[in-house]
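With mmCIF, C-alpha atoms inside, this is data.cif:
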data_final
loop_
_atom_site.label_atom_id
_atom_site.label_comp_id
_atom_site.auth_asym_id
_atom_site.auth_seq_id
_atom_site.Cartn_x
_atom_site.Cartn_y
_atom_site.Cartn_z
CA MET G 1 -128.88 120.68 39.64
CA SER G 2 -129.51 120.70 35.88
CA CYS G 3 -128.66 118.67 32.83
CA SER G 4 -128.37 119.25 29.10
CA GLN G 5 -131.42 118.52 27.02
CA THR G 6 -132.04 114.99 25.74
CA GLY G 7 -132.91 115.05 22.04
CA ILE G 8 -135.96 113.05 20.95
CA GLY G 9 -136.66 111.70 17.46
CA LEU G 10 -140.33 110.90 16.81
CA ALA G 11 -141.16 108.39 14.08
CA GLY G 12 -144.85 109.00 13.56
CA PHE G 13 -146.83 112.09 14.49
CA GLY G 14 -150.40 110.85 14.58
CA THR G 15 -152.61 110.66 17.63
CA VAL G 16 -149.96 109.46 20.08
CA GLY G 17 -147.01 111.33 18.59
CA SER G 18 -148.79 114.67 18.74
CA GLY G 19 -149.86 113.80 22.29
CA VAL G 20 -146.20 113.35 23.22
CA TRP G 21 -145.47 116.81 21.78
CA LYS G 22 -148.33 118.38 23.78
CA ILE G 23 -147.27 116.85 27.09
CA ILE G 24 -143.63 117.87 26.68
CA GLU G 25 -144.69 121.41 25.75
CA ARG G 26 -147.14 121.63 28.65
CA ASN G 27 -145.32 119.70 31.38
CA GLY G 28 -141.66 119.72 30.37
CA GLY G 29 -140.78 121.91 33.33
CA LEU G 30 -142.73 119.67 35.69
CA ILE G 31 -140.90 116.58 34.39
CA ASN G 32 -137.58 118.33 34.92
CA SER G 33 -138.52 119.42 38.44
CA ARG G 34 -139.77 116.00 39.47
CA SER G 35 -136.55 114.43 38.24
CA GLN G 36 -134.58 117.03 40.24
CA GLY G 37 -133.20 118.50 37.06
CA ASP G 38 -132.09 115.12 35.72
CA VAL G 39 -134.50 114.93 32.75
CA SER G 40 -134.97 117.67 30.16
CA LEU G 41 -136.65 116.51 26.94
CA ALA G 42 -136.59 118.26 23.57
CA ILE G 43 -138.07 116.93 20.31
CA ARG G 44 -135.45 117.43 17.61
CA LYS G 45 -136.78 115.46 14.62
CA ILE G 46 -140.23 114.21 13.51
CA ALA G 47 -140.67 111.70 10.66
CA VAL G 48 -144.05 111.72 8.88
CA ARG G 49 -145.45 110.37 5.61
CA ASP G 50 -147.01 113.67 4.45
CA LEU G 51 -145.45 117.05 5.15
CA THR G 52 -148.56 118.90 3.95
CA LYS G 53 -151.01 117.25 6.34
CA THR G 54 -152.82 119.62 8.69
CA ARG G 55 -152.00 118.89 12.34
CA ASP G 56 -153.43 120.13 15.63
CA VAL G 57 -150.06 121.11 17.11
CA ASP G 58 -147.82 124.00 16.20
CA ALA G 59 -144.48 122.25 15.75
CA PRO G 60 -141.78 124.06 13.73
CA ASN G 61 -141.64 123.01 10.09
CA ASP G 62 -137.88 122.43 10.17
CA LEU G 63 -138.34 119.50 12.57
CA PHE G 64 -140.28 117.45 10.01
CA THR G 65 -138.90 114.94 7.52
CA THR G 66 -140.29 112.18 5.33
CA ASN G 67 -137.11 110.12 5.68
CA LEU G 68 -137.74 107.68 8.52
CA MET G 69 -134.05 107.10 9.17
CA ASP G 70 -133.44 110.80 9.84
CA VAL G 71 -134.68 110.24 13.39
CA VAL G 72 -131.82 107.79 13.89
CA GLU G 73 -129.09 109.51 11.90
CA ASP G 74 -129.64 113.05 13.20
CA PRO G 75 -126.76 113.67 15.65
CA SER G 76 -128.99 115.82 17.88
CA VAL G 77 -131.33 112.85 18.52
CA ASP G 78 -130.44 110.77 21.60
CA ILE G 79 -133.62 108.64 21.91
CA VAL G 80 -135.81 107.25 19.12
CA VAL G 81 -139.57 106.92 19.61
CA GLU G 82 -141.25 104.45 17.22
CA LEU G 83 -144.97 105.16 16.73
CA ILE G 84 -145.53 104.10 13.12
CA GLY G 85 -146.92 100.63 13.81
CA GLY G 86 -146.51 97.49 11.72
CA THR G 87 -143.66 95.01 11.87
CA THR G 88 -141.50 95.76 8.82
CA ALA G 89 -140.46 99.41 8.60
CA ALA G 90 -140.80 99.64 12.38
CA PHE G 91 -138.43 96.70 12.84
CA ASP G 92 -135.84 98.29 10.53
CA LEU G 93 -136.09 101.59 12.40
CA VAL G 94 -135.77 100.08 15.86
CA ALA G 95 -132.90 97.83 14.80
CA ALA G 96 -131.07 100.82 13.27
CA ALA G 97 -131.53 102.85 16.45
CA LEU G 98 -130.21 100.03 18.64
CA LYS G 99 -127.20 99.58 16.38
CA ALA G 100 -126.55 103.30 16.72
CA GLN G 101 -126.79 102.76 20.50
CA LYS G 102 -129.76 105.08 20.81
CA PRO G 103 -132.42 103.87 23.28
CA VAL G 104 -135.83 103.13 21.79
CA VAL G 105 -139.31 103.86 23.12
CA THR G 106 -142.17 102.07 21.35
CA GLY G 107 -145.86 101.40 21.76
CA ASN G 108 -145.84 98.70 19.08
CA LYS G 109 -147.17 95.54 20.74
CA ALA G 110 -147.33 93.58 17.44
CA LEU G 111 -143.68 94.32 16.69
CA LEU G 112 -142.50 93.16 20.11
CA ALA G 113 -144.77 90.13 20.25
CA GLU G 114 -143.82 88.89 16.77
CA ARG G 115 -140.20 90.05 16.40
CA GLY G 116 -139.20 90.81 19.95
CA ALA G 117 -136.74 87.90 20.11
CA GLU G 118 -134.55 89.55 17.48
CA LEU G 119 -134.85 93.04 18.91
CA PHE G 120 -134.25 92.09 22.54
CA ALA G 121 -131.20 90.08 21.51
CA LEU G 122 -129.87 93.12 19.64
CA SER G 123 -130.71 95.32 22.62
CA SER G 124 -128.62 93.07 24.84
CA GLU G 125 -125.75 92.91 22.35
CA MET G 126 -125.63 96.69 21.94
CA LYS G 127 -126.30 97.34 25.64
CA THR G 128 -129.04 99.73 24.56
CA SER G 129 -132.52 99.88 26.03
CA ILE G 130 -135.97 99.19 24.56
CA TYR G 131 -138.87 100.64 26.56
CA PHE G 132 -142.47 99.74 25.81
CA GLU G 133 -144.86 100.83 28.57
CA ALA G 134 -147.25 102.22 25.94
CA ALA G 135 -147.52 98.84 24.21
CA VAL G 136 -149.96 97.46 26.80
CA ALA G 137 -153.08 99.07 28.27
CA GLY G 138 -152.48 102.67 27.17
CA GLY G 139 -151.88 104.91 30.16
CA ILE G 140 -151.94 102.13 32.78
CA PRO G 141 -148.37 101.62 34.08
CA ILE G 142 -148.61 97.84 33.99
CA ILE G 143 -145.18 97.14 32.46
CA LYS G 144 -143.29 99.01 35.17
CA ALA G 145 -145.48 97.42 37.83
CA ILE G 146 -144.44 93.94 36.72
CA GLN G 147 -140.79 94.81 36.06
CA GLU G 148 -140.21 96.92 39.15
CA SER G 149 -142.96 97.02 41.79
CA LEU G 150 -143.60 93.27 41.63
CA ILE G 151 -140.00 92.15 41.11
CA GLY G 152 -140.15 90.19 44.37
CA ASN G 153 -143.33 88.34 43.42
CA GLN G 154 -143.94 85.14 41.57
CA ILE G 155 -146.76 86.25 39.26
CA GLU G 156 -149.36 83.52 39.51
CA ASP G 157 -152.22 84.98 37.50
CA ILE G 158 -152.90 87.81 35.06
CA VAL G 159 -156.42 88.34 33.72
CA GLY G 160 -157.04 91.38 31.57
CA ILE G 161 -159.52 93.34 29.51
CA ILE G 162 -156.89 94.94 27.31
CA ASN G 163 -158.68 95.94 24.12
CA GLY G 164 -161.00 98.91 24.52
CA THR G 165 -162.66 98.59 21.11
CA SER G 166 -163.94 95.08 21.76
CA ASN G 167 -164.95 96.04 25.28
CA TYR G 168 -167.00 98.97 23.99
CA ILE G 169 -168.72 96.82 21.35
CA LEU G 170 -169.65 94.14 23.89
CA GLN G 171 -170.95 96.78 26.30
CA ARG G 172 -173.25 98.27 23.65
CA MET G 173 -174.49 94.83 22.68
CA THR G 174 -175.21 94.20 26.37
CA GLU G 175 -176.86 97.51 27.25
CA GLU G 176 -178.80 98.23 24.07
CA GLY G 177 -179.24 94.79 22.52
CA LEU G 178 -177.34 95.88 19.40
CA GLY G 179 -176.10 93.32 16.93
CA TYR G 180 -172.36 93.07 16.36
CA PRO G 181 -172.41 94.99 13.01
CA GLU G 182 -174.40 97.88 14.53
CA ALA G 183 -172.16 98.09 17.61
CA LEU G 184 -169.03 98.00 15.45
CA LYS G 185 -170.35 100.82 13.25
CA GLU G 186 -171.08 102.91 16.34
CA ALA G 187 -167.53 102.30 17.62
CA LYS G 188 -166.13 103.43 14.27
CA ASP G 189 -168.34 106.52 14.15
CA LEU G 190 -167.06 107.53 17.60
CA GLY G 191 -163.43 106.92 16.64
CA TYR G 192 -163.02 103.96 19.03
CA ALA G 193 -162.36 101.51 16.19
CA GLU G 194 -159.89 101.88 13.34
CA ALA G 195 -161.01 101.95 9.71
CA ASP G 196 -159.60 98.42 9.60
CA GLU G 197 -160.83 96.99 12.86
CA THR G 198 -159.44 93.49 12.28
CA LEU G 199 -156.80 93.27 15.01
CA ASP G 200 -159.13 94.78 17.60
CA VAL G 201 -162.07 92.45 17.04
CA ASN G 202 -160.27 89.23 16.09
CA GLY G 203 -158.47 89.17 19.44
CA TRP G 204 -154.92 89.69 18.22
CA ASP G 205 -154.42 93.20 19.58
CA ALA G 206 -155.22 91.89 23.06
CA ALA G 207 -153.23 88.70 22.44
CA HIS G 208 -150.07 90.62 21.49
CA LYS G 209 -150.35 92.52 24.77
CA ALA G 210 -150.90 89.31 26.72
CA ILE G 211 -147.81 87.80 25.09
CA LEU G 212 -145.73 90.74 26.30
CA LEU G 213 -147.16 90.48 29.82
CA GLY G 214 -146.49 86.74 29.84
CA SER G 215 -142.88 87.21 28.75
CA LEU G 216 -142.29 89.87 31.40
CA ALA G 217 -143.95 87.92 34.18
CA HIS G 218 -142.33 84.57 33.43
CA GLY G 219 -139.00 85.42 31.85
CA PHE G 220 -139.11 83.72 28.45
CA LEU G 221 -140.05 84.78 24.93
CA ILE G 222 -143.41 83.47 23.74
CA ASP G 223 -144.04 82.47 20.14
CA PRO G 224 -147.37 83.99 18.98
CA THR G 225 -148.05 80.92 16.83
CA ASP G 226 -148.34 78.87 20.04
CA VAL G 227 -151.02 81.13 21.54
CA TYR G 228 -154.77 80.43 21.31
CA VAL G 229 -156.70 83.50 20.14
CA ARG G 230 -160.36 84.08 19.32
CA GLY G 231 -162.20 87.37 18.78
CA ILE G 232 -165.70 88.74 19.21
CA GLU G 233 -166.91 88.63 15.58
CA LYS G 234 -169.24 85.67 16.20
CA VAL G 235 -170.95 87.09 19.30
CA ILE G 236 -174.69 87.63 18.79
CA PRO G 237 -177.39 89.15 21.05
CA LEU G 238 -178.57 85.64 21.99
CA ASP G 239 -175.18 84.94 23.61
CA ILE G 240 -175.33 88.21 25.54
CA SER G 241 -178.88 87.65 26.81
CA PHE G 242 -178.27 83.99 27.68
CA ALA G 243 -175.16 84.96 29.65
CA SER G 244 -177.17 87.61 31.51
CA ASP G 245 -179.90 85.12 32.40
CA LEU G 246 -177.22 82.90 33.97
CA GLY G 247 -175.67 85.77 35.93
CA TYR G 248 -172.76 86.43 33.57
CA VAL G 249 -171.50 89.12 31.21
CA VAL G 250 -169.44 88.53 28.06
CA LYS G 251 -165.94 90.04 27.99
CA LEU G 252 -162.93 89.56 25.74
CA LEU G 253 -160.42 88.29 28.28
CA SER G 254 -156.70 87.56 28.10
CA PHE G 255 -155.18 85.08 30.55
CA VAL G 256 -151.60 84.45 31.66
CA ARG G 257 -151.58 81.73 34.32
CA LEU G 258 -148.72 79.93 35.99
CA LYS G 259 -149.44 76.24 36.56
CA GLU G 260 -148.01 74.04 39.31
CA ASN G 261 -145.54 72.40 36.93
CA GLY G 262 -144.10 75.79 35.93
CA ALA G 263 -145.76 75.89 32.51
CA VAL G 264 -147.73 78.99 31.52
CA GLU G 265 -151.29 79.03 30.18
CA ILE G 266 -151.88 81.95 27.83
CA ARG G 267 -154.98 82.59 25.74
CA THR G 268 -157.42 85.29 24.58
CA GLN G 269 -161.12 84.71 23.83
CA PRO G 270 -164.66 85.91 24.61
CA SER G 271 -165.67 84.55 28.00
CA PHE G 272 -168.57 84.44 30.43
CA ILE G 273 -167.66 85.97 33.80
CA SER G 274 -169.85 86.53 36.84
CA LYS G 275 -171.62 89.88 37.03
CA LYS G 276 -170.30 90.10 40.59
CA HIS G 277 -166.63 90.06 39.56
CA ILE G 278 -164.92 93.44 39.45
CA LEU G 279 -163.88 92.97 35.80
CA ALA G 280 -167.56 92.74 34.83
CA SER G 281 -167.94 96.44 35.66
CA VAL G 282 -165.12 97.53 33.32
CA ASN G 283 -166.97 99.22 30.46
CA GLY G 284 -166.43 101.41 27.43
CA VAL G 285 -162.89 101.77 26.15
CA PHE G 286 -161.40 101.31 29.61
CA ASN G 287 -158.89 98.53 30.30
CA ALA G 288 -158.24 96.59 33.47
CA VAL G 289 -155.59 94.06 34.44
CA ALA G 290 -156.00 91.88 37.53
CA ILE G 291 -152.74 90.46 38.87
CA LYS G 292 -152.14 87.90 41.60
CA GLY G 293 -148.65 87.58 43.07
CA ASP G 294 -147.48 85.27 45.82
CA GLY G 295 -146.43 88.24 47.92
CA LEU G 296 -148.82 90.96 46.76
CA GLY G 297 -151.97 88.88 46.66
CA GLU G 298 -154.58 90.30 44.27
CA SER G 299 -154.43 93.77 42.74
CA LEU G 300 -156.28 95.58 39.95
CA PHE G 301 -154.86 98.11 37.50
CA TYR G 302 -157.57 100.17 35.79
CA GLY G 303 -157.62 103.08 33.39
CA ARG G 304 -157.91 104.27 29.82
CA GLY G 305 -156.44 101.70 27.49
CA ALA G 306 -156.09 104.00 24.52
CA GLY G 307 -156.40 107.61 23.48
CA GLN G 308 -153.98 110.40 22.73
CA GLU G 309 -152.74 111.57 26.10
CA PRO G 310 -153.15 108.36 28.16
CA THR G 311 -150.90 106.50 25.72
CA ALA G 312 -148.60 109.49 25.30
CA SER G 313 -148.30 109.60 29.10
CA SER G 314 -146.77 106.11 29.02
CA VAL G 315 -144.38 107.17 26.24
CA ILE G 316 -143.25 110.14 28.34
CA SER G 317 -142.64 107.85 31.31
CA ASP G 318 -140.37 105.71 29.15
CA LEU G 319 -138.61 108.77 27.74
CA ALA G 320 -137.75 109.92 31.25
CA GLU G 321 -136.38 106.45 32.06
CA ALA G 322 -134.44 106.35 28.79
CA ALA G 323 -132.97 109.80 29.42
CA ARG G 324 -131.63 108.56 32.74
CA SER G 325 -130.28 105.38 31.12
CA ILE G 326 -128.10 107.40 28.77
CA ARG G 327 -126.15 108.61 31.80
CA ASN G 328 -126.20 105.25 33.57
CA ALA G 329 -124.85 102.33 31.56
CA ASP G 330 -126.12 99.79 34.09
CA SER G 331 -129.77 100.88 33.94
CA ASN G 332 -132.73 98.82 32.72
CA ARG G 333 -132.46 97.58 29.13
CA GLY G 334 -136.12 96.67 28.68
CA PHE G 335 -136.92 92.96 28.71
CA LEU G 336 -134.07 90.48 29.00
CA PRO G 337 -135.10 86.79 29.14
CA HIS G 338 -134.03 85.02 32.32
CA ARG G 339 -135.44 81.55 31.60
CA SER G 340 -134.53 79.16 28.82
CA ASP G 341 -136.91 76.40 29.91
CA GLY G 342 -140.22 78.26 29.71
CA GLN G 343 -143.10 76.21 28.32
CA LEU G 344 -146.69 76.98 27.40
CA VAL G 345 -149.59 74.77 28.41
CA PRO G 346 -151.04 73.18 25.24
CA ILE G 347 -154.47 74.68 24.63
CA ALA G 348 -155.92 71.16 24.48
CA GLU G 349 -155.03 70.68 28.17
CA THR G 350 -156.69 73.88 29.44
CA GLU G 351 -159.93 73.34 31.36
CA THR G 352 -163.10 75.38 31.94
CA SER G 353 -166.84 74.95 31.68
CA TYR G 354 -168.31 75.93 28.32
CA TYR G 355 -171.26 77.56 26.58
CA ILE G 356 -171.63 76.25 23.03
CA ARG G 357 -174.05 77.59 20.43
CA PHE G 358 -174.99 75.36 17.51
CA SER G 359 -176.78 76.61 14.40
CA VAL G 360 -179.06 73.75 13.38
CA LYS G 361 -182.01 72.71 11.23
CA ASP G 362 -185.15 72.55 13.33
CA GLN G 363 -185.83 68.84 13.07
CA LEU G 364 -186.39 65.84 15.30
CA GLY G 365 -183.38 64.21 16.92
CA VAL G 366 -181.01 67.18 16.85
CA ILE G 367 -180.52 67.33 20.62
CA ALA G 368 -180.12 63.55 20.82
CA ASP G 369 -177.54 63.45 18.01
CA ILE G 370 -175.39 66.21 19.52
CA SER G 371 -175.74 64.80 23.04
CA ARG G 372 -174.67 61.35 21.90
CA ILE G 373 -171.43 62.66 20.38
CA LEU G 374 -170.61 64.74 23.45
CA ALA G 375 -171.33 61.81 25.77
CA ASP G 376 -169.29 59.38 23.66
CA THR G 377 -166.34 61.77 24.05
CA GLY G 378 -166.78 61.77 27.82
CA LEU G 379 -168.17 65.31 28.11
CA GLY G 380 -170.84 66.14 30.70
CA ILE G 381 -173.84 68.26 29.70
CA SER G 382 -175.21 70.57 32.41
CA GLY G 383 -178.04 72.02 30.33
CA THR G 384 -179.56 72.61 26.89
CA HIS G 385 -181.75 75.35 25.52
CA SER G 386 -183.36 76.09 22.18
CA PRO G 387 -184.79 79.61 22.28
CA VAL G 388 -187.67 80.44 19.97
CA ASP G 389 -187.49 83.58 17.88
CA PRO G 390 -190.81 85.36 18.64
CA ASP G 391 -190.63 87.12 15.28
CA ASN G 392 -190.24 83.83 13.41
CA PRO G 393 -191.55 80.92 15.53
CA ASP G 394 -191.68 78.55 12.55
CA ALA G 395 -188.09 79.16 11.40
CA GLU G 396 -186.41 76.30 9.58
CA PHE G 397 -183.03 77.11 11.13
CA VAL G 398 -182.52 77.81 14.86
CA GLU G 399 -179.79 78.36 17.42
CA MET G 400 -179.33 75.70 20.09
CA VAL G 401 -177.28 76.18 23.28
CA PHE G 402 -175.47 73.50 25.26
CA LEU G 403 -173.77 74.09 28.62
CA LEU G 404 -170.94 71.71 29.47
CA HIS G 405 -169.28 70.83 32.77
CA SER G 406 -165.58 71.61 33.15
CA CYS G 407 -163.41 69.57 30.79
CA PRO G 408 -160.16 69.84 28.82
CA PHE G 409 -160.46 71.72 25.55
CA GLY G 410 -158.88 68.88 23.53
CA PRO G 411 -161.74 66.37 23.91
CA LEU G 412 -164.26 69.17 23.31
CA LYS G 413 -162.55 70.13 20.07
CA THR G 414 -162.62 66.47 18.98
CA ALA G 415 -166.33 66.22 19.75
CA LEU G 416 -167.18 69.45 17.95
CA ALA G 417 -165.41 68.24 14.81
CA LYS G 418 -167.72 65.21 14.81
CA VAL G 419 -170.79 67.35 15.50
CA GLU G 420 -169.96 69.52 12.48
CA GLU G 421 -170.32 66.46 10.27
CA LEU G 422 -174.01 66.05 11.19
CA ASP G 423 -176.47 66.96 8.45
CA CYS G 424 -178.43 69.12 10.87
CA ILE G 425 -175.52 71.49 11.59
CA THR G 426 -175.54 74.62 9.41
CA ALA G 427 -172.47 76.51 10.72
CA ARG G 428 -169.38 76.01 12.84
CA PRO G 429 -170.24 75.89 16.56
CA VAL G 430 -169.43 78.99 18.59
CA VAL G 431 -167.67 78.35 21.91
CA PHE G 432 -167.41 80.57 24.98
CA ARG G 433 -165.53 79.61 28.11
CA ILE G 434 -167.28 80.06 31.44
CA GLU G 435 -164.55 81.37 33.71
CA LYS G 436 -164.29 81.11 37.48
CA LEU G 437 -162.22 84.10 38.53
#
Would you mind giving the structure from this file in structure tokens?
Amino acid sequence: MSCSQTGIGLAGFGTVGSGVWKIIERNGGLINSRSQGDVSLAIRKIAVRDLTKTRDVDAPNDLFTTNLMDVVEDPSVDIVVELIGGTTAAFDLVAAALKAQKPVVTGNKALLAERGAELFALSSEMKTSIYFEAAVAGGIPIIKAIQESLIGNQIEDIVGIINGTSNYILQRMTEEGLGYPEALKEAKDLGYAEADETLDVNGWDAAHKAILLGSLAHGFLIDPTDVYVRGIEKVIPLDISFASDLGYVVKLLSFVRLKENGAVEIRTQPSFISKKHILASVNGVFNAVAIKGDGLGESLFYGRGAGQEPTASSVISDLAEAARSIRNADSNRGFLPHRSDGQLVPIAETETSYYIRFSVKDQLGVIADISRILADTGLGISGTHSPVDPDNPDAEFVEMVFLLHSCPFGPLKTALAKVEELDCITARPVVFRIEKL
């Protein structure tokens, strides 16, 4: 059994795009054999910004173009792969491909999180698929697991380490005592962080992925403006060492949790988790997603969250699915909402215990003043600590740590706003949640 080749148009030929080329060249026959002759992929057009750029693959020159829309308009292209990033040109490209009824494969989590409502509606209207396995957790097949393997489960809980750059930085701060700037520089020098690291370290890369997982698991589109997101920029060695003394490690975690009333809690922020939990051992640029389903129970998906061939592997998986969809009009069309009544839990109503670090002037009454405000707001204090800097024991400004019992975030936020008005406070308090997983 054999089939004609399916033409692929690549928009973007950087790290992932060239990885897609390499895998098709190396394993094209294997893909065809495993699909029993049903999938034969051939790259027919490649859109790039610079035709003169030196590349590490030997692709024929006549495949390249600087006109992005050539990958849609070329009649030999059956499937469009969007790997250019961003939300403007990428949106125009994907929309054009859908209107031309050419399935789309993308790894662009920001595009889908921020403009997915428009694109999924167009996908449904044109009866043309969007596939996006590569948008979350690199080579880990988490999208297909939720859409297909867990289709019979109510997904109760998703907790993930889904940004490798932040995870690497926190690991180096933990293992070597590096400050955040030094750990970030090391990540950049090793190629783990982009020249502009903003989305990685401010939490939004992970948050975009969590939004996609939340939409898939619970059937409704999630507005990014309703999602609570904090990054790792304010983490200092004191936080890391204090967490360790208490039996915790610091990880940038994303949560998607179904509550008893059907609302969904979704958030991303640095958190304390027990050293004994399996996610605490996820280091370097690896990702892990823990899922709990009512039928499955608990399961962990672990692997490389980025990199050329792990991410390209997910793109190839989607290409094989898309190639089949061309010959089967009733096949999967990506994500189609199935709930119109989905609601998010307001961040003010979410509850955990907390670690709070205050930067203060070293003067009498500081602990009493902060404690009074917290108590007046109804918040319980489980401990306080004011570590002394051995290199500067007479410092005028110090860091002070408060540990709080479990409480809703809303009252805490109210209390912290009042604390910030104290004359002794020199910077905005830094808050970490202490998670029980």
Have a look at G:His208, G:Ala320, G:Glu118, G:Arg55 and name the one nearest to Gln36 (chain G); count all atoms listed in the file. G:Ala320
As a list in words, please: the residues near Leu258 (chain G) (cut-off 10 Å, all atoms listed in the file, same-chain neighbours under 2 positions excluded). Gln154, Ile155, Glu156, Asp157, Ile158, Gly214, Ala217, His218, Phe255, Val256, Glu260, Asn261, Gly262, Ala263, Val264, Glu265, Ile266, Leu344 and Val345 of chain G
Mind giving me the straight-line distance from CA of Ser241 (chain G) to CA of Phe402 (chain G) in Å, one decimal? 14.6 Å
Can you spell out as JSON, numbers by chain the set of residues that the PyMOL selection byres ((chain G and resi 379) around 8) selects in the structure I just provided? {"G": [374, 375, 376, 377, 378, 380, 381, 404, 405, 407, 411, 412]}
Quick one: residues within 12 Å of Asp239 (chain G), all atoms listed in the file counted, chain neighbours fewer than 6 positions away excluded, as a VMD selection string? chain G and resid 170 173 to 174 177 to 180 232 245 to 246 248 to 251 270 to 272 355 to 358 385 387 399 to 402 430 to 433
For the file shown, report as a PyMOL selection string the outcome of the PyMOL selection byres ((chain G and resi 163) around 7) at residue level. chain G and resi 161-162+164-167+200+205-206+287
Which polymer residues have any atom within 12 Å of an atom of Ala137 (chain G), counting only C-alpha atoms, with same-chain residues fewer than 5 positions away left out, as a PyMOL selection string? chain G and resi 107-109+132+142-144+160-165+205-210+212-213+285-289+301-307+310-314
Atoms to include: C-alpha atoms. Write the selected residues as a PDB file, in the coordinates of the input.
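Result went into out-v2.pdb, see below:
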ATOM      1  CA  GLY G 107    -145.860 101.400  21.760  1.00  0.00           C
ATOM      2  CA  ASN G 108    -145.840  98.700  19.080  1.00  0.00           C
ATOM      3  CA  LYS G 109    -147.170  95.540  20.740  1.00  0.00           C
ATOM      4  CA  PHE G 132    -142.470  99.740  25.810  1.00  0.00           C
ATOM      5  CA  ILE G 142    -148.610  97.840  33.990  1.00  0.00           C
ATOM      6  CA  ILE G 143    -145.180  97.140  32.460  1.00  0.00           C
ATOM      7  CA  LYS G 144    -143.290  99.010  35.170  1.00  0.00           C
ATOM      8  CA  GLY G 160    -157.040  91.380  31.570  1.00  0.00           C
ATOM      9  CA  ILE G 161    -159.520  93.340  29.510  1.00  0.00           C
ATOM     10  CA  ILE G 162    -156.890  94.940  27.310  1.00  0.00           C
ATOM     11  CA  ASN G 163    -158.680  95.940  24.120  1.00  0.00           C
ATOM     12  CA  GLY G 164    -161.000  98.910  24.520  1.00  0.00           C
ATOM     13  CA  THR G 165    -162.660  98.590  21.110  1.00  0.00           C
ATOM     14  CA  ASP G 205    -154.420  93.200  19.580  1.00  0.00           C
ATOM     15  CA  ALA G 206    -155.220  91.890  23.060  1.00  0.00           C
ATOM     16  CA  ALA G 207    -153.230  88.700  22.440  1.00  0.00           C
ATOM     17  CA  HIS G 208    -150.070  90.620  21.490  1.00  0.00           C
ATOM     18  CA  LYS G 209    -150.350  92.520  24.770  1.00  0.00           C
ATOM     19  CA  ALA G 210    -150.900  89.310  26.720  1.00  0.00           C
ATOM     20  CA  LEU G 212    -145.730  90.740  26.300  1.00  0.00           C
ATOM     21  CA  LEU G 213    -147.160  90.480  29.820  1.00  0.00           C
ATOM     22  CA  VAL G 285    -162.890 101.770  26.150  1.00  0.00           C
ATOM     23  CA  PHE G 286    -161.400 101.310  29.610  1.00  0.00           C
ATOM     24  CA  ASN G 287    -158.890  98.530  30.300  1.00  0.00           C
ATOM     25  CA  ALA G 288    -158.240  96.590  33.470  1.00  0.00           C
ATOM     26  CA  VAL G 289    -155.590  94.060  34.440  1.00  0.00           C
ATOM     27  CA  PHE G 301    -154.860  98.110  37.500  1.00  0.00           C
ATOM     28  CA  TYR G 302    -157.570 100.170  35.790  1.00  0.00           C
ATOM     29  CA  GLY G 303    -157.620 103.080  33.390  1.00  0.00           C
ATOM     30  CA  ARG G 304    -157.910 104.270  29.820  1.00  0.00           C
ATOM     31  CA  GLY G 305    -156.440 101.700  27.490  1.00  0.00           C
ATOM     32  CA  ALA G 306    -156.090 104.000  24.520  1.00  0.00           C
ATOM     33  CA  GLY G 307    -156.400 107.610  23.480  1.00  0.00           C
ATOM     34  CA  PRO G 310    -153.150 108.360  28.160  1.00  0.00           C
ATOM     35  CA  THR G 311    -150.900 106.500  25.720  1.00  0.00           C
ATOM     36  CA  ALA G 312    -148.600 109.490  25.300  1.00  0.00           C
ATOM     37  CA  SER G 313    -148.300 109.600  29.100  1.00  0.00           C
ATOM     38  CA  SER G 314    -146.770 106.110  29.020  1.00  0.00           C
TER      39      SER G 314
END
May I have the protein, DNA and RNA residues with an atom at most 9 Å from (-139.7, 103.1, 21.6), counting only C-alpha atoms in the file's coordinates, returned as a PyMOL selection string? chain G and resi 79-83+94+103-108+130-134+315+318-319
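Across the chains present, the PyMOL selection byres ((chain G and resi 436) around 8) applied to this file returns Ile273, Ser274, Ile434, Glu435 and Leu437 of chain G.
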Please measure the separation of CA of Met126 (chain G) and CA of Ala100 (chain G), giving the value in Å to one decimal. 8.5 Å
I'd like the neighbourhood of region 8-12 of chain G as a PyMOL selection string, where a residue qualifies if any of its atoms comes within 8 Å (using only C-alpha atoms), though same-chain residues fewer than 2 positions away should be ignored. chain G and resi 6+14+17+41-48+68+71-72+77-84
Identify, on the basis of all atoms listed in the file, every residue whose closest approach to Gly410 (chain G) does not exceed 12 Å; exclude the query and any residue fewer than 6 positions from it along the same chain; express the result as a PyMOL selection string. chain G and resi 346-352+377-379+416-417
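The residue that comes closest to Asp369 (chain G), out of G:Leu122, G:Ile24, G:Val419, G:Ile326 and on the basis of only C-alpha atoms, is G:Val419.
Using all atoms listed in the file, the shortest contact distance between Phe220 (chain G) and any of G:Glu197, G:Asp189, G:Glu176, G:Asp341 is found at G:Asp341.
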Region 396-412 of chain G: axis-aligned bounding box, 3 Å on each side, centre and edge lengths in Å, one decimal, as lines of an AutoDock Vina configuration file:
center_x = -172.6
center_y = 72.4
center_z = 21.4
size_x = 33.5
size_y = 18.0
size_z = 29.6
Between CA of Asp226 (chain G) and CA of Lys418 (chain G), what is the distance, to one decimal in Å?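 The value is 24.3 Å.
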Identify which of the residues G:Gly116, G:Gly219, G:Gly297, G:Gly247 lies closest to Ala280 (chain G), counting all atoms listed in the file when measuring atom-to-atom distances.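 Comparing G:Gly116, G:Gly219, G:Gly297, G:Gly247 against Ala280 (chain G), the winner is G:Gly247.
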